[in-house]
$ cat final_30.cif   # mmCIF, C-alpha atoms and all ligand atoms
data_final
loop_
_atom_site.group_PDB
_atom_site.id
_atom_site.type_symbol
_atom_site.label_atom_id
_atom_site.label_comp_id
_atom_site.auth_asym_id
_atom_site.auth_seq_id
_atom_site.Cartn_x
_atom_site.Cartn_y
_atom_site.Cartn_z
ATOM 1 C CA MET H 3 75.307 91.222 58.539
ATOM 2 C CA HIS H 4 76.671 93.234 61.539
ATOM 3 C CA LYS H 5 78.878 95.287 59.245
ATOM 4 C CA THR H 6 80.350 98.623 60.223
ATOM 5 C CA GLY H 7 81.049 101.224 57.552
ATOM 6 C CA TYR H 8 83.937 103.697 57.678
ATOM 7 C CA PHE H 9 83.238 106.811 55.611
ATOM 8 C CA THR H 10 85.961 109.317 54.893
ATOM 9 C CA HIS H 11 87.561 111.290 52.048
ATOM 10 C CA PRO H 12 90.979 112.890 51.389
ATOM 11 C CA ASP H 13 89.211 116.244 50.760
ATOM 12 C CA CYS H 14 88.454 116.412 54.503
ATOM 13 C CA ARG H 15 92.223 116.644 55.108
ATOM 14 C CA LEU H 16 92.597 119.689 52.860
ATOM 15 C CA HIS H 17 90.410 121.916 55.030
ATOM 16 C CA ASP H 18 92.995 123.781 57.111
ATOM 17 C CA MET H 19 92.304 126.715 59.434
ATOM 18 C CA GLY H 20 95.937 127.737 59.836
ATOM 19 C CA ARG H 21 99.045 126.752 61.722
ATOM 20 C CA GLY H 22 98.471 125.723 65.336
ATOM 21 C CA HIS H 23 94.689 125.373 65.024
ATOM 22 C CA PRO H 24 93.586 122.387 67.140
ATOM 23 C CA GLU H 25 90.984 121.281 64.580
ATOM 24 C CA CYS H 26 93.754 120.205 62.215
ATOM 25 C CA PRO H 27 94.096 117.754 59.299
ATOM 26 C CA GLN H 28 96.384 115.530 61.396
ATOM 27 C CA ARG H 29 93.346 114.485 63.454
ATOM 28 C CA LEU H 30 92.228 112.274 60.588
ATOM 29 C CA ASP H 31 95.735 110.807 60.230
ATOM 30 C CA ALA H 32 95.800 110.011 63.959
ATOM 31 C CA ILE H 33 92.482 108.174 63.650
ATOM 32 C CA GLU H 34 93.484 106.264 60.561
ATOM 33 C CA ASP H 35 96.900 105.309 62.019
ATOM 34 C CA ARG H 36 95.342 103.990 65.195
ATOM 35 C CA LEU H 37 92.612 102.044 63.386
ATOM 36 C CA LEU H 38 95.291 100.519 61.171
ATOM 37 C CA ALA H 39 97.522 99.591 64.108
ATOM 38 C CA ALA H 40 94.550 98.080 65.953
ATOM 39 C CA ARG H 41 93.690 96.090 62.796
ATOM 40 C CA LEU H 42 90.259 97.695 62.788
ATOM 41 C CA LEU H 43 90.534 98.835 59.167
ATOM 42 C CA ASP H 44 90.319 95.130 58.284
ATOM 43 C CA VAL H 45 86.940 94.723 59.946
ATOM 44 C CA VAL H 46 85.187 97.859 58.703
ATOM 45 C CA GLU H 47 83.913 98.482 55.202
ATOM 46 C CA ARG H 48 85.643 101.557 53.862
ATOM 47 C CA ARG H 49 83.565 103.836 51.681
ATOM 48 C CA GLU H 50 84.308 107.158 50.039
ATOM 49 C CA ALA H 51 82.264 110.084 51.354
ATOM 50 C CA PRO H 52 80.367 111.659 48.446
ATOM 51 C CA LEU H 53 79.788 115.408 48.064
ATOM 52 C CA ALA H 54 76.414 116.343 49.551
ATOM 53 C CA SER H 55 74.047 118.047 47.197
ATOM 54 C CA PRO H 56 73.840 121.625 48.580
ATOM 55 C CA GLU H 57 70.010 121.574 48.353
ATOM 56 C CA LEU H 58 69.940 118.787 50.943
ATOM 57 C CA LEU H 59 71.803 120.984 53.435
ATOM 58 C CA GLU H 60 68.619 123.068 53.539
ATOM 59 C CA LEU H 61 66.995 120.202 55.444
ATOM 60 C CA ALA H 62 68.756 121.724 58.462
ATOM 61 C CA HIS H 63 69.975 125.147 57.370
ATOM 62 C CA ASP H 64 68.496 128.337 56.001
ATOM 63 C CA ARG H 65 68.990 128.722 52.281
ATOM 64 C CA MET H 66 70.852 131.963 53.035
ATOM 65 C CA HIS H 67 73.427 130.169 55.187
ATOM 66 C CA VAL H 68 74.169 127.594 52.499
ATOM 67 C CA ALA H 69 74.453 130.340 49.873
ATOM 68 C CA ALA H 70 76.658 132.441 52.178
ATOM 69 C CA MET H 71 79.092 129.554 52.801
ATOM 70 C CA ARG H 72 79.269 128.873 49.084
ATOM 71 C CA GLY H 73 79.974 132.569 48.589
ATOM 72 C CA VAL H 74 82.789 132.504 51.139
ATOM 73 C CA ALA H 75 84.338 129.566 49.273
ATOM 74 C CA GLN H 76 84.474 131.770 46.166
ATOM 75 C CA GLU H 77 85.801 134.719 48.186
ATOM 76 C CA VAL H 78 88.625 132.547 49.581
ATOM 77 C CA ARG H 79 89.782 131.579 46.101
ATOM 78 C CA GLU H 80 89.762 135.186 44.933
ATOM 79 C CA GLU H 81 91.586 136.313 48.069
ATOM 80 C CA GLU H 82 94.292 133.693 47.607
ATOM 81 C CA ASP H 83 94.638 134.361 43.880
ATOM 82 C CA ALA H 84 95.166 138.037 44.797
ATOM 83 C CA GLY H 85 98.113 137.009 46.985
ATOM 84 C CA GLY H 86 96.396 136.684 50.373
ATOM 85 C CA ASP H 87 96.836 133.875 52.878
ATOM 86 C CA GLY H 88 93.768 132.064 51.571
ATOM 87 C CA LEU H 89 91.839 132.100 54.836
ATOM 88 C CA VAL H 90 88.518 133.803 55.503
ATOM 89 C CA PHE H 91 87.323 133.815 59.130
ATOM 90 C CA LEU H 92 83.656 133.074 59.872
ATOM 91 C CA ASP H 93 84.124 133.640 63.622
ATOM 92 C CA PRO H 94 87.305 134.044 65.702
ATOM 93 C CA ASP H 95 87.820 130.240 65.796
ATOM 94 C CA THR H 96 86.432 129.169 62.443
ATOM 95 C CA ALA H 97 87.945 129.776 59.034
ATOM 96 C CA MET H 98 87.615 128.521 55.486
ATOM 97 C CA ASN H 99 90.412 127.896 53.020
ATOM 98 C CA ARG H 100 89.917 127.040 49.361
ATOM 99 C CA HIS H 101 89.172 123.409 50.179
ATOM 100 C CA SER H 102 86.832 123.922 53.110
ATOM 101 C CA TRP H 103 83.558 124.013 51.205
ATOM 102 C CA ASN H 104 84.304 120.702 49.484
ATOM 103 C CA ALA H 105 85.352 119.219 52.831
ATOM 104 C CA ALA H 106 82.079 120.413 54.390
ATOM 105 C CA LEU H 107 80.113 118.853 51.512
ATOM 106 C CA ARG H 108 82.025 115.573 52.017
ATOM 107 C CA ALA H 109 81.371 115.642 55.781
ATOM 108 C CA ALA H 110 77.621 116.113 55.358
ATOM 109 C CA GLY H 111 77.661 113.756 52.369
ATOM 110 C CA ALA H 112 79.294 111.053 54.499
ATOM 111 C CA ALA H 113 76.517 111.182 57.094
ATOM 112 C CA MET H 114 73.796 111.015 54.432
ATOM 113 C CA ALA H 115 75.517 108.235 52.446
ATOM 114 C CA ALA H 116 75.996 106.294 55.690
ATOM 115 C CA THR H 117 72.292 106.791 56.389
ATOM 116 C CA ASP H 118 71.431 105.418 52.937
ATOM 117 C CA ALA H 119 73.663 102.355 53.426
ATOM 118 C CA VAL H 120 72.337 101.626 56.904
ATOM 119 C CA MET H 121 68.720 102.096 55.804
ATOM 120 C CA ALA H 122 69.323 99.785 52.829
ATOM 121 C CA GLY H 123 70.644 97.137 55.215
ATOM 122 C CA GLU H 124 74.075 97.081 53.536
ATOM 123 C CA LEU H 125 75.671 98.121 56.819
ATOM 124 C CA GLU H 126 74.438 97.809 60.377
ATOM 125 C CA ASN H 127 76.158 100.995 61.487
ATOM 126 C CA ALA H 128 78.847 103.430 60.352
ATOM 127 C CA PHE H 129 81.470 105.857 61.587
ATOM 128 C CA CYS H 130 82.273 108.971 59.547
ATOM 129 C CA ALA H 131 85.879 110.177 59.953
ATOM 130 C CA VAL H 132 85.270 113.644 58.579
ATOM 131 C CA ARG H 133 85.988 117.307 59.162
ATOM 132 C CA PRO H 134 84.909 120.036 59.540
ATOM 133 C CA PRO H 135 82.795 118.863 62.487
ATOM 134 C CA GLY H 136 79.187 120.029 62.715
ATOM 135 C CA HIS H 137 77.441 120.252 66.074
ATOM 136 C CA HIS H 138 77.995 123.992 66.709
ATOM 137 C CA ALA H 139 76.731 124.984 63.248
ATOM 138 C CA CYS H 140 73.317 126.595 63.724
ATOM 139 C CA ARG H 141 70.444 126.918 61.284
ATOM 140 C CA ASP H 142 71.753 130.256 60.032
ATOM 141 C CA ARG H 143 75.423 130.461 60.981
ATOM 142 C CA ALA H 144 78.791 128.728 61.226
ATOM 143 C CA MET H 145 80.570 128.710 64.579
ATOM 144 C CA GLY H 146 83.009 126.808 66.788
ATOM 145 C CA PHE H 147 85.013 125.043 64.004
ATOM 146 C CA CYS H 148 81.710 123.989 62.335
ATOM 147 C CA ILE H 149 80.288 125.091 58.976
ATOM 148 C CA ILE H 150 77.462 122.640 58.251
ATOM 149 C CA ASN H 151 75.710 120.560 60.909
ATOM 150 C CA ASN H 152 76.406 117.081 59.548
ATOM 151 C CA VAL H 153 74.358 115.168 62.119
ATOM 152 C CA ALA H 154 71.340 117.508 61.977
ATOM 153 C CA VAL H 155 71.319 117.333 58.167
ATOM 154 C CA ALA H 156 71.485 113.519 58.250
ATOM 155 C CA ALA H 157 68.832 113.219 60.976
ATOM 156 C CA ARG H 158 66.444 115.342 58.908
ATOM 157 C CA TYR H 159 67.420 113.361 55.802
ATOM 158 C CA ALA H 160 66.479 110.100 57.565
ATOM 159 C CA LEU H 161 63.110 111.605 58.512
ATOM 160 C CA GLU H 162 62.290 113.360 55.245
ATOM 161 C CA ARG H 163 63.881 111.121 52.632
ATOM 162 C CA HIS H 164 63.661 107.701 54.287
ATOM 163 C CA GLY H 165 60.300 108.263 55.949
ATOM 164 C CA LEU H 166 61.392 107.470 59.489
ATOM 165 C CA GLN H 167 59.168 108.774 62.252
ATOM 166 C CA ARG H 168 61.582 108.865 65.186
ATOM 167 C CA VAL H 169 65.346 109.387 65.243
ATOM 168 C CA ALA H 170 67.611 109.995 68.235
ATOM 169 C CA VAL H 171 70.747 112.132 68.373
ATOM 170 C CA VAL H 172 73.345 111.319 71.020
ATOM 171 C CA ASP H 173 76.087 113.903 71.642
ATOM 172 C CA PHE H 174 78.968 113.085 74.003
ATOM 173 C CA ASP H 175 81.369 115.856 72.908
ATOM 174 C CA VAL H 176 82.736 117.928 75.816
ATOM 175 C CA HIS H 177 80.946 120.974 74.353
ATOM 176 C CA HIS H 178 77.182 121.444 74.196
ATOM 177 C CA GLY H 179 75.823 120.702 70.713
ATOM 178 C CA ASN H 180 74.125 124.088 70.524
ATOM 179 C CA GLY H 181 73.827 124.048 66.744
ATOM 180 C CA THR H 182 72.052 120.703 66.705
ATOM 181 C CA GLU H 183 69.766 121.952 69.463
ATOM 182 C CA ASP H 184 69.091 125.177 67.523
ATOM 183 C CA ILE H 185 68.031 123.140 64.498
ATOM 184 C CA LEU H 186 66.190 120.233 66.134
ATOM 185 C CA ALA H 187 64.649 121.715 69.311
ATOM 186 C CA GLY H 188 60.877 121.355 69.171
ATOM 187 C CA ASP H 189 60.949 118.723 66.395
ATOM 188 C CA ALA H 190 58.978 115.959 68.118
ATOM 189 C CA ARG H 191 60.326 113.380 65.660
ATOM 190 C CA VAL H 192 63.755 113.814 67.257
ATOM 191 C CA LEU H 193 65.043 113.070 70.749
ATOM 192 C CA MET H 194 68.472 114.544 71.480
ATOM 193 C CA VAL H 195 70.478 113.464 74.511
ATOM 194 C CA GLY H 196 73.711 115.257 75.361
ATOM 195 C CA ILE H 197 76.288 115.422 78.116
ATOM 196 C CA PHE H 198 78.807 118.256 78.230
ATOM 197 C CA GLN H 199 80.996 120.326 80.515
ATOM 198 C CA HIS H 200 79.174 123.349 81.928
ATOM 199 C CA PRO H 201 79.675 126.247 82.281
ATOM 200 C CA PHE H 202 81.897 126.056 79.223
ATOM 201 C CA TYR H 203 81.929 127.020 75.552
ATOM 202 C CA PRO H 204 79.400 127.718 73.991
ATOM 203 C CA TYR H 205 77.763 128.520 77.386
ATOM 204 C CA SER H 206 74.375 127.123 76.379
ATOM 205 C CA GLY H 207 72.318 124.068 77.283
ATOM 206 C CA GLY H 208 72.328 124.746 81.014
ATOM 207 C CA ASN H 209 68.594 125.127 81.391
ATOM 208 C CA GLY H 210 65.292 125.812 79.706
ATOM 209 C CA SER H 211 65.637 123.771 76.554
ATOM 210 C CA ALA H 212 62.838 122.149 74.530
ATOM 211 C CA PRO H 213 61.108 118.967 75.760
ATOM 212 C CA ASN H 214 62.857 116.847 73.104
ATOM 213 C CA MET H 215 66.287 117.855 74.474
ATOM 214 C CA VAL H 216 67.821 115.883 77.338
ATOM 215 C CA ASN H 217 70.786 118.015 78.397
ATOM 216 C CA LEU H 218 73.145 116.829 81.126
ATOM 217 C CA PRO H 219 75.500 119.694 81.981
ATOM 218 C CA VAL H 220 78.329 118.482 84.243
ATOM 219 C CA PRO H 221 81.034 120.454 86.058
ATOM 220 C CA ALA H 222 84.710 120.375 85.076
ATOM 221 C CA TYR H 223 86.657 117.356 86.356
ATOM 222 C CA THR H 224 83.680 114.988 86.260
ATOM 223 C CA LYS H 225 84.982 111.480 85.558
ATOM 224 C CA GLY H 226 83.680 108.378 83.797
ATOM 225 C CA PRO H 227 81.827 106.638 86.657
ATOM 226 C CA ALA H 228 79.717 109.728 87.432
ATOM 227 C CA ILE H 229 78.971 110.213 83.747
ATOM 228 C CA ARG H 230 77.940 106.566 83.367
ATOM 229 C CA ASP H 231 75.515 106.989 86.295
ATOM 230 C CA LEU H 232 73.942 110.043 84.678
ATOM 231 C CA VAL H 233 73.636 108.277 81.346
ATOM 232 C CA GLU H 234 71.937 105.287 82.990
ATOM 233 C CA LYS H 235 69.593 107.495 84.966
ATOM 234 C CA HIS H 236 68.691 110.128 82.369
ATOM 235 C CA TRP H 237 69.588 109.101 78.813
ATOM 236 C CA LEU H 238 68.740 105.435 78.652
ATOM 237 C CA PRO H 239 65.159 105.583 80.020
ATOM 238 C CA ARG H 240 64.307 108.438 77.635
ATOM 239 C CA LEU H 241 65.832 106.597 74.683
ATOM 240 C CA GLU H 242 63.940 103.408 75.639
ATOM 241 C CA ASP H 243 60.636 105.292 75.851
ATOM 242 C CA PHE H 244 61.259 107.079 72.575
ATOM 243 C CA ARG H 245 62.029 103.872 70.620
ATOM 244 C CA PRO H 246 64.158 105.554 67.924
ATOM 245 C CA GLU H 247 64.190 103.934 64.497
ATOM 246 C CA MET H 248 67.733 105.163 63.968
ATOM 247 C CA ILE H 249 70.409 106.762 66.173
ATOM 248 C CA PHE H 250 72.909 109.438 65.158
ATOM 249 C CA ILE H 251 75.971 110.071 67.278
ATOM 250 C CA SER H 252 77.804 113.380 67.478
ATOM 251 C CA ALA H 253 81.024 111.603 68.385
ATOM 252 C CA GLY H 254 83.330 114.126 70.003
ATOM 253 C CA PHE H 255 86.267 112.778 71.967
ATOM 254 C CA ASP H 256 87.390 116.005 73.650
ATOM 255 C CA ALA H 257 85.904 114.901 77.011
ATOM 256 C CA HIS H 258 88.941 112.572 77.230
ATOM 257 C CA ARG H 259 91.050 113.263 80.304
ATOM 258 C CA GLU H 260 94.131 113.887 78.123
ATOM 259 C CA ASP H 261 92.350 116.472 75.975
ATOM 260 C CA ASP H 262 93.303 120.018 76.956
ATOM 261 C CA LEU H 263 90.363 121.666 75.211
ATOM 262 C CA GLY H 264 88.062 120.356 77.943
ATOM 263 C CA GLN H 265 88.366 119.369 81.582
ATOM 264 C CA LEU H 266 86.340 116.156 81.798
ATOM 265 C CA GLY H 267 87.813 112.788 82.679
ATOM 266 C CA LEU H 268 86.609 110.189 80.180
ATOM 267 C CA VAL H 269 88.931 107.412 79.014
ATOM 268 C CA GLU H 270 88.776 104.901 76.148
ATOM 269 C CA ASP H 271 86.761 102.408 78.217
ATOM 270 C CA ASP H 272 84.097 105.036 78.813
ATOM 271 C CA TYR H 273 83.732 105.604 75.061
ATOM 272 C CA ALA H 274 83.445 101.844 74.546
ATOM 273 C CA TRP H 275 80.801 101.650 77.297
ATOM 274 C CA LEU H 276 78.820 104.608 75.909
ATOM 275 C CA THR H 277 78.898 103.061 72.448
ATOM 276 C CA GLN H 278 77.713 99.708 73.804
ATOM 277 C CA GLN H 279 74.781 101.359 75.603
ATOM 278 C CA ILE H 280 73.741 103.224 72.445
ATOM 279 C CA LYS H 281 74.151 100.041 70.465
ATOM 280 C CA ALA H 282 71.909 98.087 72.824
ATOM 281 C CA VAL H 283 69.125 100.673 72.367
ATOM 282 C CA ALA H 284 69.649 100.582 68.597
ATOM 283 C CA ARG H 285 69.477 96.779 68.531
ATOM 284 C CA ARG H 286 66.240 96.769 70.540
ATOM 285 C CA HIS H 287 64.399 99.436 68.579
ATOM 286 C CA ALA H 288 66.264 100.425 65.430
ATOM 287 C CA LYS H 289 67.562 97.210 63.818
ATOM 288 C CA GLY H 290 70.975 98.293 65.082
ATOM 289 C CA ARG H 291 71.006 101.372 62.840
ATOM 290 C CA ILE H 292 73.612 103.911 64.014
ATOM 291 C CA VAL H 293 75.433 106.617 62.082
ATOM 292 C CA SER H 294 78.244 108.212 64.077
ATOM 293 C CA SER H 295 80.042 111.337 62.904
ATOM 294 C CA LEU H 296 83.278 112.809 64.254
ATOM 295 C CA GLU H 297 82.982 116.076 66.177
ATOM 296 C CA GLY H 298 85.791 117.183 68.570
ATOM 297 C CA GLY H 299 88.883 115.454 69.946
ATOM 298 C CA TYR H 300 92.154 117.398 69.879
ATOM 299 C CA ASN H 301 94.794 115.366 71.692
ATOM 300 C CA LEU H 302 95.853 113.344 68.672
ATOM 301 C CA ASP H 303 96.957 110.258 70.577
ATOM 302 C CA ALA H 304 93.888 110.137 72.839
ATOM 303 C CA LEU H 305 91.668 110.822 69.812
ATOM 304 C CA GLY H 306 93.079 107.844 67.934
ATOM 305 C CA ARG H 307 92.694 105.516 70.901
ATOM 306 C CA SER H 308 89.179 106.739 71.682
ATOM 307 C CA VAL H 309 87.950 106.373 68.102
ATOM 308 C CA ALA H 310 89.436 102.863 68.057
ATOM 309 C CA ALA H 311 87.458 101.988 71.202
ATOM 310 C CA HIS H 312 84.303 103.487 69.644
ATOM 311 C CA VAL H 313 84.713 101.675 66.312
ATOM 312 C CA ARG H 314 85.586 98.399 68.044
ATOM 313 C CA ALA H 315 82.338 98.624 69.993
ATOM 314 C CA LEU H 316 80.350 99.551 66.873
ATOM 315 C CA ALA H 317 81.819 96.569 65.032
ATOM 316 C CA ASP H 318 81.463 94.178 68.000
ATOM 317 C CA VAL H 319 85.041 92.964 67.811
HETATM 318 ZN ZN ZN E 401 83.975 119.759 71.334
#
$ encode --input "final_30.cif" --output "structure tokens"
Amino acid sequence: MHKTGYFTHPDCRLHDMGRGHPECPQRLDAIEDRLLAARLLDVVERREAPLASPELLELAHDRMHVAAMRGVAQEVREEEDAGGDGLVFLDPDTAMNRHSWNAALRAAGAAMAATDAVMAGELENAFCAVRPPGHHACRDRAMGFCIINNVAVAARYALERHGLQRVAVVDFDVHHGNGTEDILAGDARVLMVGIFQHPFYPYSGGNGSAPNMVNLPVPAYTKGPAIRDLVEKHWLPRLEDFRPEMIFISAGFDAHREDDLGQLGLVEDDYAWLTQQIKAVARRHAKGRIVSSLEGGYNLDALGRSVAAHVRALADV
């Protein structure tokens, strides 16, 4: 078996928050170009991300939030048809155009379809090249480029619809996954481990979180070796003890040293190493089951290289 899935959809490219926005459609092109050049598209199984059924988003979100986002999608179309610029802002950094709701349904749908395929044993693991990202989206609101929390929805889906008892969420984005924490804190069926620059947007995660949250806030300019030490000391023993039956990764690549949105110093090798560590835990306890979903990563070249290192490690090639 040992097959790695690659879930994506052209709709995810159509979500566009305006000229100059770092969370841009070209991110997916950069990933795809690099995977092609590295011949990794030959070793993964490409699958189309389906649209999530909106009811399933309520596994992680309030019904009101899902209805509100659907309402904004309608508002955007009316605004554009009336001659506007076709953008409605949800917060100062986060906007929807007429394609955003479909893109968000594809992004959450990718994580759930990948979960289905991994649980069915068709794939060992999967990477979802999707946008909008998800880890800042809280139970009741969009924020920080995120509309729906793809990983939190899929983690709950694995628990509720596939009957798993323990799932882990690993988040190595440069920003704290505050939305995932908002949704999953206190859910004893979930262990979340995260490392992020602190103090830094969204200025949470520094202290006092729930017992199922292992937060490792690190100062700006922390580099790979120090982060590997922290992961070995704090993440891996907790993951071993927890024995997750499946692992979700909030795969943000904005902690790369070339990424100007953050000030951490990871490089491609660090992403490969992190992926290998997660994979070893998954192989010991979870039949190798990993679903990884794209979060941040805004230097297009570094993003492509980092995703290639991540996918290469997932696929063991
Ligand atoms: Zn980020």
$ residues_near_ligand --input "final_30.cif" --ligand "ligand ZN 401 (chain E)" --cutoff "9 Å" --atoms "only C-alpha atoms and all ligand atoms" --output "MDAnalysis selection string"
chainID H and resid 135 137:138 146 174:179 198 203 254:257 263:264 297:300
$ closest_residue --input "final_30.cif" --among "H:His67, H:His17, H:Arg285, H:Arg141" --to "H:Thr96" --atoms "all atoms listed in the file"
H:His17
$ closest_residue --input "final_30.cif" --among "H:Ser55, H:Gln28, H:Asn99, H:Gln167" --to "H:Ala288" --atoms "all atoms listed in the file"
H:Gln167
$ resolve_selection --input "final_30.cif" --expression "the PyMOL selection byres (((chain H and resi 195) around 8) and not hetatm)" --output "PyMOL selection string"
chain H and resi 170-173+193-194+196-197+215-218+237
$ write_last_selection --input "final_30.cif" --atoms "C-alpha atoms" --output "PDB file, in the frame of the given file"
ATOM      1  CA  ALA H 170      67.611 109.995  68.235  1.00  0.00           C
ATOM      2  CA  VAL H 171      70.747 112.132  68.373  1.00  0.00           C
ATOM      3  CA  VAL H 172      73.345 111.319  71.020  1.00  0.00           C
ATOM      4  CA  ASP H 173      76.087 113.903  71.642  1.00  0.00           C
ATOM      5  CA  LEU H 193      65.043 113.070  70.749  1.00  0.00           C
ATOM      6  CA  MET H 194      68.472 114.544  71.480  1.00  0.00           C
ATOM      7  CA  GLY H 196      73.711 115.257  75.361  1.00  0.00           C
ATOM      8  CA  ILE H 197      76.288 115.422  78.116  1.00  0.00           C
ATOM      9  CA  MET H 215      66.287 117.855  74.474  1.00  0.00           C
ATOM     10  CA  VAL H 216      67.821 115.883  77.338  1.00  0.00           C
ATOM     11  CA  ASN H 217      70.786 118.015  78.397  1.00  0.00           C
ATOM     12  CA  LEU H 218      73.145 116.829  81.126  1.00  0.00           C
ATOM     13  CA  TRP H 237      69.588 109.101  78.813  1.00  0.00           C
TER      14      TRP H 237
END
$ resolve_selection --input "final_30.cif" --expression "the PyMOL selection byres (((chain H and resi 268-274) around 6) and not hetatm)" --output "compact mmCIF listing (two decimals) with C-alpha atoms, in the coordinates of the input"
# COMPACT_ATOMS: atom_id res chain seq x y z
CA LYS H 225 84.98 111.48 85.56
CA GLY H 226 83.68 108.38 83.80
CA ALA H 257 85.90 114.90 77.01
CA HIS H 258 88.94 112.57 77.23
CA ARG H 259 91.05 113.26 80.30
CA GLY H 267 87.81 112.79 82.68
CA TRP H 275 80.80 101.65 77.30
CA LEU H 276 78.82 104.61 75.91
CA THR H 277 78.90 103.06 72.45
CA SER H 308 89.18 106.74 71.68
CA ALA H 311 87.46 101.99 71.20
CA HIS H 312 84.30 103.49 69.64
CA ALA H 315 82.34 98.62 69.99
$ resolve_selection --input "final_30.cif" --expression "the PyMOL selection byres (((chain H and resi 116) around 8) and not hetatm)" --output "PyMOL selection string"
chain H and resi 7+9+112-115+117-120+127-128+130+293
$ atom_distance --input "final_30.cif" --atom1 "atom CA of H:Glu234" --atom2 "atom CA of H:Phe250"
18.3 Å
$ closest_residue --input "final_30.cif" --among "H:Glu247, H:Asp261, H:Trp103, H:Cys140" --to "H:Ala304" --atoms "only C-alpha atoms"
H:Asp261
$ atom_distance --input "final_30.cif" --atom1 "atom CA of H:Leu107" --atom2 "atom CA of H:Leu53"
4.9 Å
$ closest_residue --input "final_30.cif" --among "H:Arg307, H:Glu34, H:Val153, H:Gly88" --to "H:Ile292" --atoms "all atoms listed in the file"
H:Val153
$ residues_around --input "final_30.cif" --residues "stretch 42-52 of chain H" --least-positions-apart "2" --cutoff "6 Å" --atoms "all atoms listed in the file" --output "JSON, numbers by chain"
{"H": [6, 7, 8, 9, 10, 11, 37, 38, 40, 108, 111, 112]}
$ closest_residue --input "final_30.cif" --among "H:Val132, H:Leu58, H:Ile251, H:Ala105" --to "H:Thr182" --atoms "all atoms listed in the file"
H:Ile251
$ closest_residue --input "final_30.cif" --among "H:Leu266, H:Ala154, H:Leu59, H:Val283" --to "H:Asp184" --atoms "all atoms listed in the file"
H:Ala154
$ atom_distance --input "final_30.cif" --atom1 "atom CA of H:Ala222" --atom2 "atom CA of H:Pro201"
8.2 Å
$ residues_near_point --input "final_30.cif" --point "(59.4, 112.0, 63.2)" --cutoff "10 Å" --atoms "only C-alpha atoms" --output "list of chain:residue names"
H:Ala157, H:Arg158, H:Ala160, H:Leu161, H:Glu162, H:Gly165, H:Leu166, H:Gln167, H:Arg168, H:Val169, H:Ala170, H:Asp189, H:Ala190, H:Arg191, H:Val192, H:Leu193, H:Pro246, H:Glu247
$ write_last_selection --input "final_30.cif" --atoms "C-alpha atoms" --output "mmCIF file, in the frame of the given file"
data_model
loop_
_atom_site.group_PDB
_atom_site.id
_atom_site.type_symbol
_atom_site.label_atom_id
_atom_site.label_comp_id
_atom_site.auth_asym_id
_atom_site.auth_seq_id
_atom_site.Cartn_x
_atom_site.Cartn_y
_atom_site.Cartn_z
ATOM 1 C CA ALA H 157 68.832 113.219 60.976
ATOM 2 C CA ARG H 158 66.444 115.342 58.908
ATOM 3 C CA ALA H 160 66.479 110.100 57.565
ATOM 4 C CA LEU H 161 63.110 111.605 58.512
ATOM 5 C CA GLU H 162 62.290 113.360 55.245
ATOM 6 C CA GLY H 165 60.300 108.263 55.949
ATOM 7 C CA LEU H 166 61.392 107.470 59.489
ATOM 8 C CA GLN H 167 59.168 108.774 62.252
ATOM 9 C CA ARG H 168 61.582 108.865 65.186
ATOM 10 C CA VAL H 169 65.346 109.387 65.243
ATOM 11 C CA ALA H 170 67.611 109.995 68.235
ATOM 12 C CA ASP H 189 60.949 118.723 66.395
ATOM 13 C CA ALA H 190 58.978 115.959 68.118
ATOM 14 C CA ARG H 191 60.326 113.380 65.660
ATOM 15 C CA VAL H 192 63.755 113.814 67.257
ATOM 16 C CA LEU H 193 65.043 113.070 70.749
ATOM 17 C CA PRO H 246 64.158 105.554 67.924
ATOM 18 C CA GLU H 247 64.190 103.934 64.497
#
$ residues_around --input "final_30.cif" --residues "H:Pro94" --least-positions-apart "2" --cutoff "10 Å" --atoms "only C-alpha atoms" --output "list of chain:residue names"
H:Phe91, H:Leu92, H:Thr96, H:Ala97, H:Met145, H:Gly146, H:Phe147
$ write_last_selection --input "final_30.cif" --atoms "C-alpha atoms" --output "PDB file, in the coordinates of the input"
ATOM      1  CA  PHE H  91      87.323 133.815  59.130  1.00  0.00           C
ATOM      2  CA  LEU H  92      83.656 133.074  59.872  1.00  0.00           C
ATOM      3  CA  THR H  96      86.432 129.169  62.443  1.00  0.00           C
ATOM      4  CA  ALA H  97      87.945 129.776  59.034  1.00  0.00           C
ATOM      5  CA  MET H 145      80.570 128.710  64.579  1.00  0.00           C
ATOM      6  CA  GLY H 146      83.009 126.808  66.788  1.00  0.00           C
ATOM      7  CA  PHE H 147      85.013 125.043  64.004  1.00  0.00           C
TER       8      PHE H 147
END
$ axis_aligned_box --input "final_30.cif" --around "stretch 45-52 of chain H" --padding-each-side "3 Å" --output "AutoDock Vina command-line options"
--center_x 83.7 --center_y 103.2 --center_z 54.2 --size_x 12.6 --size_y 22.9 --size_z 17.5
